[in-house]
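Enquirer: Below is the file data.tsv, which contains TSV, C-alpha atoms.
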chain	number	residue	atom	x	y	z
A	1020	MET	CA	102.46	133.41	93.29
A	1021	LEU	CA	99.22	131.45	93.13
A	1022	ASP	CA	97.88	130.77	89.68
A	1023	PRO	CA	94.59	132.70	89.42
A	1024	ASN	CA	93.03	129.92	87.33
A	1025	LEU	CA	93.83	127.42	90.08
A	1026	MET	CA	92.36	129.69	92.74
A	1027	SER	CA	89.20	130.16	90.70
A	1028	PHE	CA	88.84	126.39	90.28
A	1029	VAL	CA	89.34	125.68	93.97
A	1030	LEU	CA	87.00	128.40	95.21
A	1031	GLY	CA	84.38	127.42	92.65
A	1032	SER	CA	84.50	123.79	93.78
A	1033	LEU	CA	84.54	124.16	97.57
A	1034	PRO	CA	81.46	124.60	99.75
A	1035	PRO	CA	81.05	128.19	100.93
A	1036	PRO	CA	83.07	129.49	103.90
A	1037	PRO	CA	83.44	129.02	106.78
A	1038	ALA	CA	83.70	125.34	105.83
A	1039	ASN	CA	86.65	123.54	107.37
A	1040	VAL	CA	89.12	122.38	104.75
A	1041	LEU	CA	92.08	120.01	104.80
A	1042	GLU	CA	94.86	120.82	102.35
A	1043	VAL	CA	97.09	117.87	101.49
A	1044	GLY	CA	100.63	118.65	100.36
A	1045	ALA	CA	100.38	122.31	101.21
A	1046	GLY	CA	104.01	123.22	100.57
A	1047	GLU	CA	104.75	126.49	102.30
A	1048	GLY	CA	101.06	127.24	102.80
A	1049	GLU	CA	100.34	129.73	100.02
A	1050	LEU	CA	97.03	128.19	98.95
A	1051	ALA	CA	96.05	127.48	102.55
A	1052	GLY	CA	96.68	131.13	103.41
A	1053	ALA	CA	94.55	132.30	100.49
A	1054	LEU	CA	91.71	130.01	101.55
A	1055	ALA	CA	91.95	131.26	105.13
A	1056	SER	CA	91.78	134.82	103.84
A	1057	ALA	CA	88.62	133.84	101.95
A	1058	GLY	CA	87.02	132.78	105.23
A	1059	TYR	CA	87.74	129.06	105.37
A	1060	GLU	CA	88.99	127.19	108.40
A	1061	VAL	CA	92.06	125.41	107.05
A	1062	VAL	CA	94.30	122.64	108.32
A	1063	ALA	CA	97.34	122.29	106.04
A	1064	ILE	CA	99.71	119.32	106.07
A	1065	ASP	CA	102.96	118.57	104.26
A	1066	PRO	CA	105.85	116.45	105.58
A	1067	GLU	CA	108.43	118.61	103.77
A	1068	SER	CA	107.09	122.03	104.72
A	1069	LYS	CA	109.12	124.49	106.78
A	1070	SER	CA	106.19	126.86	107.31
A	1071	ASP	CA	104.87	127.43	110.83
A	1072	THR	CA	101.33	127.35	109.41
A	1073	VAL	CA	101.67	123.86	107.89
A	1074	ARG	CA	101.72	120.69	110.00
A	1075	PRO	CA	104.78	118.59	108.98
A	1076	ILE	CA	103.02	115.22	108.79
A	1077	ARG	CA	102.17	112.71	106.06
A	1078	LEU	CA	98.57	112.15	105.06
A	1079	HIS	CA	98.38	108.61	106.43
A	1080	GLU	CA	99.59	109.94	109.80
A	1081	LEU	CA	96.73	112.44	110.09
A	1082	ASP	CA	94.62	111.98	113.22
A	1083	ALA	CA	91.21	112.99	111.96
A	1084	ALA	CA	87.91	111.20	111.48
A	1085	ASN	CA	85.05	112.64	109.43
A	1086	GLY	CA	85.76	116.15	110.60
A	1087	PHE	CA	86.39	118.08	107.39
A	1088	ASP	CA	83.78	119.53	105.06
A	1089	ALA	CA	86.27	119.38	102.18
A	1090	ALA	CA	89.80	118.47	101.19
A	1091	VAL	CA	92.07	120.02	98.58
A	1092	ALA	CA	95.10	118.34	97.04
A	1093	GLU	CA	97.11	120.45	94.62
A	1094	LEU	CA	99.78	118.46	92.78
A	1095	SER	CA	100.32	116.22	95.80
A	1096	MET	CA	98.45	112.93	95.46
A	1097	HIS	CA	100.92	111.61	92.88
A	1098	HIS	CA	103.57	111.79	95.62
A	1099	VAL	CA	101.76	110.38	98.68
A	1100	GLU	CA	103.05	107.17	100.20
A	1101	PRO	CA	101.65	104.70	100.96
A	1102	LEU	CA	98.95	105.49	98.40
A	1103	GLY	CA	96.22	103.12	99.59
A	1104	GLU	CA	96.55	103.94	103.28
A	1105	SER	CA	96.79	107.64	102.53
A	1106	CYS	CA	93.59	107.61	100.46
A	1107	GLN	CA	91.83	105.67	103.21
A	1108	ARG	CA	92.87	108.28	105.76
A	1109	LEU	CA	91.65	111.02	103.45
A	1110	GLY	CA	88.31	109.27	103.18
A	1111	GLU	CA	88.12	108.94	106.95
A	1112	ALA	CA	88.94	112.63	107.38
A	1113	VAL	CA	86.18	114.01	105.12
A	1114	ARG	CA	82.57	113.77	106.27
A	1115	SER	CA	79.96	111.97	104.19
A	1116	GLY	CA	78.86	114.26	101.37
A	1117	GLY	CA	82.00	116.37	101.72
A	1118	THR	CA	83.97	117.69	98.77
A	1119	LEU	CA	87.31	116.57	97.35
A	1120	VAL	CA	89.14	118.96	95.02
A	1121	LEU	CA	92.07	117.53	93.04
A	1122	ASP	CA	94.51	119.45	90.86
A	1123	GLU	CA	96.92	117.00	89.25
A	1124	ILE	CA	99.30	116.25	86.42
A	1125	ASP	CA	98.54	113.21	84.30
A	1126	PHE	CA	101.89	111.50	83.79
A	1127	GLU	CA	100.43	109.11	81.24
A	1128	LEU	CA	99.90	112.13	78.98
A	1129	PHE	CA	103.18	113.79	79.92
A	1130	ASP	CA	105.25	112.64	76.96
A	1131	GLU	CA	108.48	113.64	75.24
A	1132	ARG	CA	106.72	116.46	73.37
A	1133	ALA	CA	105.63	117.96	76.69
A	1134	ALA	CA	109.02	117.47	78.33
A	1135	GLY	CA	110.83	118.91	75.31
A	1136	TRP	CA	108.64	122.02	75.18
A	1137	TRP	CA	109.07	122.52	78.92
A	1138	LEU	CA	112.86	122.32	78.57
A	1139	GLU	CA	112.81	124.75	75.64
A	1140	GLN	CA	110.93	127.30	77.73
A	1141	GLY	CA	113.56	127.16	80.47
A	1142	GLY	CA	112.39	124.32	82.67
A	1143	THR	CA	115.11	122.89	84.90
A	1144	PRO	CA	114.94	119.22	85.98
A	1145	GLU	CA	115.37	118.63	89.70
A	1146	HIS	CA	117.53	115.57	89.15
A	1147	ASP	CA	120.09	114.48	86.56
A	1148	GLU	CA	117.77	114.05	83.59
A	1149	SER	CA	118.97	115.93	80.55
A	1150	SER	CA	116.68	114.74	77.75
A	1151	PRO	CA	112.90	114.64	77.34
A	1152	ALA	CA	112.97	110.83	77.37
A	1153	GLU	CA	114.88	110.76	80.66
A	1154	ILE	CA	112.49	113.25	82.28
A	1155	VAL	CA	109.46	111.23	81.22
A	1156	ALA	CA	111.01	107.97	82.41
A	1157	HIS	CA	111.98	109.46	85.78
A	1158	LEU	CA	108.54	110.91	86.49
A	1159	ARG	CA	106.67	107.79	85.44
A	1160	HIS	CA	108.93	105.69	87.66
A	1161	HIS	CA	108.74	107.88	90.76
A	1162	CYS	CA	105.18	109.24	90.64
A	1163	HIS	CA	101.75	107.62	90.85
A	1164	MET	CA	99.73	107.54	87.67
A	1165	LEU	CA	96.49	109.48	87.91
A	1166	ARG	CA	94.43	106.36	87.18
A	1167	ASP	CA	96.03	104.68	90.20
A	1168	VAL	CA	95.23	107.65	92.43
A	1169	GLU	CA	91.63	107.60	91.20
A	1170	ALA	CA	91.37	103.87	91.82
A	1171	ALA	CA	92.65	104.25	95.37
A	1172	LEU	CA	90.18	107.07	96.06
A	1173	ASP	CA	87.20	105.33	94.48
A	1174	GLN	CA	86.25	103.36	97.59
A	1175	TRP	CA	85.74	106.60	99.46
A	1176	PHE	CA	84.80	109.22	96.89
A	1177	GLU	CA	82.53	109.47	93.89
A	1178	LEU	CA	84.83	111.22	91.46
A	1179	GLY	CA	83.68	113.48	88.65
A	1180	ARG	CA	85.18	113.53	85.19
A	1181	ARG	CA	88.68	114.81	84.63
A	1182	ALA	CA	88.73	118.36	83.32
A	1183	ARG	CA	91.83	118.46	81.17
A	1184	GLY	CA	93.94	121.51	80.46
A	1185	PRO	CA	97.41	123.07	80.60
A	1186	TYR	CA	99.87	122.43	83.39
A	1187	LEU	CA	103.40	122.93	82.07
A	1188	TYR	CA	103.36	126.74	82.35
A	1189	ARG	CA	102.91	126.33	86.12
A	1190	TRP	CA	106.02	124.18	86.47
A	1191	ASP	CA	108.56	126.93	87.17
A	1192	LEU	CA	107.80	128.73	83.91
A	1193	ALA	CA	106.36	132.16	83.17
A	1194	PRO	CA	102.58	132.42	83.77
A	1195	ALA	CA	102.28	134.22	80.43
A	1196	LEU	CA	103.07	130.90	78.71
A	1197	ARG	CA	99.62	129.61	79.64
A	1198	ALA	CA	98.12	131.10	76.47
A	1199	THR	CA	100.85	129.54	74.34
A	1200	GLU	CA	100.38	126.15	75.96
A	1201	LEU	CA	96.60	126.34	75.46
A	1202	ASP	CA	97.10	127.14	71.79
A	1203	LEU	CA	99.51	124.24	71.30
A	1204	ILE	CA	97.05	121.90	73.02
A	1205	ALA	CA	94.25	123.10	70.75
A	1206	ARG	CA	96.45	122.44	67.70
A	1207	GLY	CA	97.34	118.95	68.92
A	1208	GLU	CA	101.01	119.81	69.35
A	1209	LEU	CA	101.05	119.35	73.14
A	1210	PRO	CA	99.03	117.00	75.37
A	1211	PRO	CA	96.71	118.47	78.04
A	1212	THR	CA	98.80	117.29	80.99
A	1213	GLY	CA	96.75	119.09	83.64
A	1214	ALA	CA	93.77	117.31	85.21
A	1215	ARG	CA	91.21	118.68	87.66
A	1216	ILE	CA	88.68	116.53	89.42
A	1217	VAL	CA	85.95	117.24	91.93
A	1218	GLY	CA	84.58	114.40	94.03
A	1219	ARG	CA	82.05	113.77	96.79
A	1220	ARG	CA	82.60	111.62	99.86
A	1221	ARG	CA	80.41	108.52	99.60
Written as structure tokens, that's how I'd like the structure from this file.
Expert:
Amino acid sequence: MLDPNLMSFVLGSLPPPPANVLEVGAGEGELAGALASAGYEVVAIDPESKSDTVRPIRLHELDAANGFDAAVAELSMHHVEPLGESCQRLGEAVRSGGTLVLDEIDFELFDERAAGWWLEQGGTPEHDESSPAEIVAHLRHHCHMLRDVEAALDQWFELGRRARGPYLYRWDLAPALRATELDLIARGELPPTGARIVGRRR
């Protein structure tokens, strides 16, 4: 189920429908479907998707030049390879003045406190990591840091400030844990691992 806070952020950041939107790393197309229902014209891509509504291609393979009014990337840019070429293709795909909406996790802030809390709430690692330290080490080794994603995008997009907030509750946990995570962040007991950024194509 789509997180309502995510949907509110995306809809509040995009130009009004019927703008044409590229979604990068669309998974099975849940967000793309919601945007289409809201009146947007959506092209969704994800090389791992099995959905008939999502094109199974990588971002750097996209054949598009300055055709999209906006692009949305939800928890996907930290995975894209090759990063530089993919960000260039994204810049080529969005028209000048177009909008970029990023929803990301900041792995530099994702520390052992965050990993330990996530495990305690029932989080299940996808690989063989069993301790908070191992989870942190694995993610930092295999994922792009947010600062590197921003640096690769900077040639093409003027990026706004990071809006920091909770993310862990969305990682296969109960949505009701959002309030708990927010409280722990406010008390300084958990880092704000979520980051949302809105940019404009230069």
Enquirer: Kindly provide the residues of stretch 1088-1148 of chain A that approach stretch 1164-1177 of chain A to within 12 Å, each paired with its closest atom pair and their distance in Å to one decimal, based on only C-alpha atoms, listed by chain and increasing number, as CSV.
Expert:
residue,atom,partner,partner_atom,distance
A:Ala1089,CA,A:Phe1176,CA,11.5
A:Ala1090,CA,A:Phe1176,CA,11.4
A:Ala1092,CA,A:Val1168,CA,11.6
A:Leu1094,CA,A:Leu1165,CA,10.7
A:Ser1095,CA,A:Val1168,CA,10.5
A:Met1096,CA,A:Val1168,CA,6.9
A:His1097,CA,A:Met1164,CA,6.7
A:His1098,CA,A:Met1164,CA,9.8
A:Val1099,CA,A:Val1168,CA,9.4
A:Glu1100,CA,A:Val1168,CA,11.0
A:Pro1101,CA,A:Ala1171,CA,10.6
A:Leu1102,CA,A:Ala1171,CA,7.1
A:Gly1103,CA,A:Ala1171,CA,5.6
A:Glu1104,CA,A:Ala1171,CA,8.8
A:Ser1105,CA,A:Ala1171,CA,8.9
A:Cys1106,CA,A:Leu1172,CA,5.6
A:Gln1107,CA,A:Trp1175,CA,7.2
A:Arg1108,CA,A:Trp1175,CA,9.7
A:Leu1109,CA,A:Trp1175,CA,8.4
A:Gly1110,CA,A:Trp1175,CA,5.3
A:Glu1111,CA,A:Trp1175,CA,8.2
A:Ala1112,CA,A:Trp1175,CA,10.5
A:Val1113,CA,A:Trp1175,CA,9.3
A:Arg1114,CA,A:Trp1175,CA,10.4
A:Ser1115,CA,A:Phe1176,CA,9.2
A:Gly1116,CA,A:Phe1176,CA,9.0
A:Gly1117,CA,A:Phe1176,CA,9.1
A:Thr1118,CA,A:Phe1176,CA,8.7
A:Leu1119,CA,A:Phe1176,CA,7.8
A:Val1120,CA,A:Phe1176,CA,10.8
A:Leu1121,CA,A:Glu1169,CA,10.1
A:Asp1122,CA,A:Leu1165,CA,10.6
A:Glu1123,CA,A:Leu1165,CA,7.7
A:Ile1124,CA,A:Leu1165,CA,7.5
A:Asp1125,CA,A:Leu1165,CA,5.6
A:Phe1126,CA,A:Met1164,CA,5.9
A:Glu1127,CA,A:Met1164,CA,6.7
A:Leu1128,CA,A:Met1164,CA,9.8
A:Phe1129,CA,A:Met1164,CA,10.5
Enquirer: Expressed in Å to a single decimal, how great is the separation between atom CA of A:Pro1037 and atom CA of A:Ala1057?
Expert: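 One can read the atom CA of A:Pro1037 to atom CA of A:Ala1057 distance as 8.6 Å.
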Enquirer: Rounded to one decimal in Å, what is the spacing between atom CA of A:Leu1033 and atom CA of A:Glu1047?
Expert: 20.9 Å
Enquirer: Name the residues within 9 Å of (87.9, 125.4, 108.0), counting all atoms listed in the file in the file's coordinates, and put them as a PyMOL selection string.
Expert: chain A and resi 1036-1041+1054-1055+1058-1062+1087-1089
Enquirer: Return the single residue from A:Ser1032, A:Pro1185, A:Ile1064, A:Ser1149 that is closest to A:Gly1218, with distances computed using all atoms listed in the file.
Expert: A:Ser1032
Enquirer: I need the residue nearest A:Arg1215 from this list: A:Ala1083, A:Ile1076, A:Ala1182, A:Ala1134. Use all atoms listed in the file for the distance.
Expert: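 Going through A:Ala1083, A:Ile1076, A:Ala1182, A:Ala1134 one by one, the smallest distance to A:Arg1215 is for A:Ala1182.
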Enquirer: Ranking A:Leu1138, A:Leu1078, A:Val1043, A:Val1091 by minimum distance to A:Leu1030 and counting all atoms listed in the file, which one comes first?
Expert: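 Checking each of A:Leu1138, A:Leu1078, A:Val1043, A:Val1091 against A:Leu1030, counting all atoms listed in the file, the winner is A:Val1091.
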Enquirer: Of the candidates A:Val1155, A:Ala1205, A:Val1073, A:Ala1053, which one gets nearest to A:Arg1132 if we count only C-alpha atoms?
Expert: A:Val1155
Enquirer: Counting only C-alpha atoms, figure out which residue out of A:Leu1209, A:Ala1195, A:Ala1152, A:Leu1178 gets nearest to A:Arg1221.
Expert: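 Of A:Leu1209, A:Ala1195, A:Ala1152, A:Leu1178, the one nearest A:Arg1221, counting only C-alpha atoms, is A:Leu1178.
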Enquirer: Can you work out which one of A:Tyr1186, A:Glu1131, A:Asp1191, A:Pro1210 has the shortest atom-to-atom distance to A:Pro1144, counting only C-alpha atoms?
Expert: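 Residue with the minimum atom-to-atom distance to A:Pro1144: A:Asp1191.
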Enquirer: Which distance in Å separates atom CA of A:Ala1051 and atom CA of A:Thr1212, to one decimal?
Expert: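 Pair atom CA of A:Ala1051 / atom CA of A:Thr1212 returns 24.0 Å.
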Enquirer: (104.5, 120.1, 111.0) in this file's frame - what residues fall within 12 Å of it? Use only C-alpha atoms and give the answer as a ChimeraX atom specification.
Expert: /A:1044-1048,1062-1078,1080-1081
Enquirer: So which residues touch A:Gly1207 within 12 Å, counting all atoms listed in the file, skipping near sequence neighbours fewer than 6 positions away, as a list of chain:residue names?
Expert: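 Neighbouring residues, sequence-local ones excluded: A:Arg1132, A:Ala1133, A:Glu1200, A:Leu1201.
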Enquirer: Generate the output file for the selected residues, C-alpha atoms, as a PDB file, in the frame of the given file.
Expert:
ATOM      1  CA  ARG A1132     106.720 116.460  73.370  1.00  0.00           C
ATOM      2  CA  ALA A1133     105.630 117.960  76.690  1.00  0.00           C
ATOM      3  CA  GLU A1200     100.380 126.150  75.960  1.00  0.00           C
ATOM      4  CA  LEU A1201      96.600 126.340  75.460  1.00  0.00           C
TER       5      LEU A1201
END
Enquirer: Can you take the partial stretch 1091-1118 of chain A, add N, CA and C atoms, and return it as a PDB file, keeping the file's coordinate frame?
Expert:
ATOM      1  N   VAL A1091      91.454 119.544  99.805  1.00  0.00           N
ATOM      2  CA  VAL A1091      92.070 120.020  98.580  1.00  0.00           C
ATOM      3  C   VAL A1091      93.450 119.404  98.462  1.00  0.00           C
ATOM      4  N   ALA A1092      93.759 118.890  97.290  1.00  0.00           N
ATOM      5  CA  ALA A1092      95.100 118.340  97.040  1.00  0.00           C
ATOM      6  C   ALA A1092      95.593 118.918  95.723  1.00  0.00           C
ATOM      7  N   GLU A1093      96.550 119.826  95.813  1.00  0.00           N
ATOM      8  CA  GLU A1093      97.110 120.450  94.620  1.00  0.00           C
ATOM      9  C   GLU A1093      98.469 119.830  94.323  1.00  0.00           C
ATOM     10  N   LEU A1094      98.529 119.061  93.252  1.00  0.00           N
ATOM     11  CA  LEU A1094      99.780 118.460  92.780  1.00  0.00           C
ATOM     12  C   LEU A1094     100.498 117.690  93.898  1.00  0.00           C
ATOM     13  N   SER A1095      99.721 116.940  94.677  1.00  0.00           N
ATOM     14  CA  SER A1095     100.320 116.220  95.800  1.00  0.00           C
ATOM     15  C   SER A1095      99.988 114.740  95.839  1.00  0.00           C
ATOM     16  N   MET A1096      98.836 114.331  95.322  1.00  0.00           N
ATOM     17  CA  MET A1096      98.450 112.930  95.460  1.00  0.00           C
ATOM     18  C   MET A1096      99.359 111.998  94.675  1.00  0.00           C
ATOM     19  N   HIS A1097     100.020 112.491  93.632  1.00  0.00           N
ATOM     20  CA  HIS A1097     100.920 111.610  92.880  1.00  0.00           C
ATOM     21  C   HIS A1097     102.197 111.313  93.673  1.00  0.00           C
ATOM     22  N   HIS A1098     102.388 112.015  94.790  1.00  0.00           N
ATOM     23  CA  HIS A1098     103.570 111.790  95.620  1.00  0.00           C
ATOM     24  C   HIS A1098     103.277 110.972  96.881  1.00  0.00           C
ATOM     25  N   VAL A1099     102.028 110.912  97.341  1.00  0.00           N
ATOM     26  CA  VAL A1099     101.760 110.380  98.680  1.00  0.00           C
ATOM     27  C   VAL A1099     102.122 108.900  98.778  1.00  0.00           C
ATOM     28  N   GLU A1100     102.703 108.551  99.890  1.00  0.00           N
ATOM     29  CA  GLU A1100     103.050 107.170 100.200  1.00  0.00           C
ATOM     30  C   GLU A1100     102.693 106.885 101.660  1.00  0.00           C
ATOM     31  N   PRO A1101     102.151 105.696 101.906  1.00  0.00           N
ATOM     32  CA  PRO A1101     101.650 104.700 100.960  1.00  0.00           C
ATOM     33  C   PRO A1101     100.319 105.157 100.369  1.00  0.00           C
ATOM     34  N   LEU A1102     100.103 104.930  99.092  1.00  0.00           N
ATOM     35  CA  LEU A1102      98.950 105.490  98.400  1.00  0.00           C
ATOM     36  C   LEU A1102      97.631 104.985  98.978  1.00  0.00           C
ATOM     37  N   GLY A1103      97.488 103.666  99.113  1.00  0.00           N
ATOM     38  CA  GLY A1103      96.220 103.120  99.590  1.00  0.00           C
ATOM     39  C   GLY A1103      95.866 103.591 100.985  1.00  0.00           C
ATOM     40  N   GLU A1104      96.807 103.520 101.900  1.00  0.00           N
ATOM     41  CA  GLU A1104      96.550 103.940 103.280  1.00  0.00           C
ATOM     42  C   GLU A1104      96.292 105.436 103.364  1.00  0.00           C
ATOM     43  N   SER A1105      96.985 106.192 102.533  1.00  0.00           N
ATOM     44  CA  SER A1105      96.790 107.640 102.530  1.00  0.00           C
ATOM     45  C   SER A1105      95.394 108.001 102.028  1.00  0.00           C
ATOM     46  N   CYS A1106      94.934 107.329 100.980  1.00  0.00           N
ATOM     47  CA  CYS A1106      93.590 107.610 100.460  1.00  0.00           C
ATOM     48  C   CYS A1106      92.516 107.168 101.460  1.00  0.00           C
ATOM     49  N   GLN A1107      92.763 106.084 102.163  1.00  0.00           N
ATOM     50  CA  GLN A1107      91.830 105.670 103.210  1.00  0.00           C
ATOM     51  C   GLN A1107      91.730 106.727 104.296  1.00  0.00           C
ATOM     52  N   ARG A1108      92.886 107.257 104.720  1.00  0.00           N
ATOM     53  CA  ARG A1108      92.870 108.280 105.760  1.00  0.00           C
ATOM     54  C   ARG A1108      92.167 109.544 105.280  1.00  0.00           C
ATOM     55  N   LEU A1109      92.344 109.870 104.011  1.00  0.00           N
ATOM     56  CA  LEU A1109      91.650 111.020 103.450  1.00  0.00           C
ATOM     57  C   LEU A1109      90.147 110.794 103.476  1.00  0.00           C
ATOM     58  N   GLY A1110      89.729 109.583 103.119  1.00  0.00           N
ATOM     59  CA  GLY A1110      88.310 109.270 103.180  1.00  0.00           C
ATOM     60  C   GLY A1110      87.763 109.325 104.587  1.00  0.00           C
ATOM     61  N   GLU A1111      88.549 108.895 105.549  1.00  0.00           N
ATOM     62  CA  GLU A1111      88.120 108.940 106.950  1.00  0.00           C
ATOM     63  C   GLU A1111      88.053 110.367 107.471  1.00  0.00           C
ATOM     64  N   ALA A1112      88.863 111.255 106.878  1.00  0.00           N
ATOM     65  CA  ALA A1112      88.940 112.630 107.380  1.00  0.00           C
ATOM     66  C   ALA A1112      87.800 113.510 106.884  1.00  0.00           C
ATOM     67  N   VAL A1113      87.232 113.181 105.720  1.00  0.00           N
ATOM     68  CA  VAL A1113      86.180 114.010 105.120  1.00  0.00           C
ATOM     69  C   VAL A1113      84.821 113.404 105.452  1.00  0.00           C
ATOM     70  N   ARG A1114      83.908 114.242 105.880  1.00  0.00           N
ATOM     71  CA  ARG A1114      82.570 113.770 106.270  1.00  0.00           C
ATOM     72  C   ARG A1114      81.813 113.270 105.038  1.00  0.00           C
ATOM     73  N   SER A1115      80.805 112.450 105.274  1.00  0.00           N
ATOM     74  CA  SER A1115      79.960 111.970 104.190  1.00  0.00           C
ATOM     75  C   SER A1115      79.310 113.155 103.470  1.00  0.00           C
ATOM     76  N   GLY A1116      79.393 113.155 102.151  1.00  0.00           N
ATOM     77  CA  GLY A1116      78.860 114.260 101.370  1.00  0.00           C
ATOM     78  C   GLY A1116      79.830 115.404 101.179  1.00  0.00           C
ATOM     79  N   GLY A1117      80.993 115.319 101.830  1.00  0.00           N
ATOM     80  CA  GLY A1117      82.000 116.370 101.720  1.00  0.00           C
ATOM     81  C   GLY A1117      82.652 116.388 100.347  1.00  0.00           C
ATOM     82  N   THR A1118      83.407 117.433 100.094  1.00  0.00           N
ATOM     83  CA  THR A1118      83.970 117.690  98.770  1.00  0.00           C
ATOM     84  C   THR A1118      85.465 117.378  98.716  1.00  0.00           C
TER      85      THR A1118
END
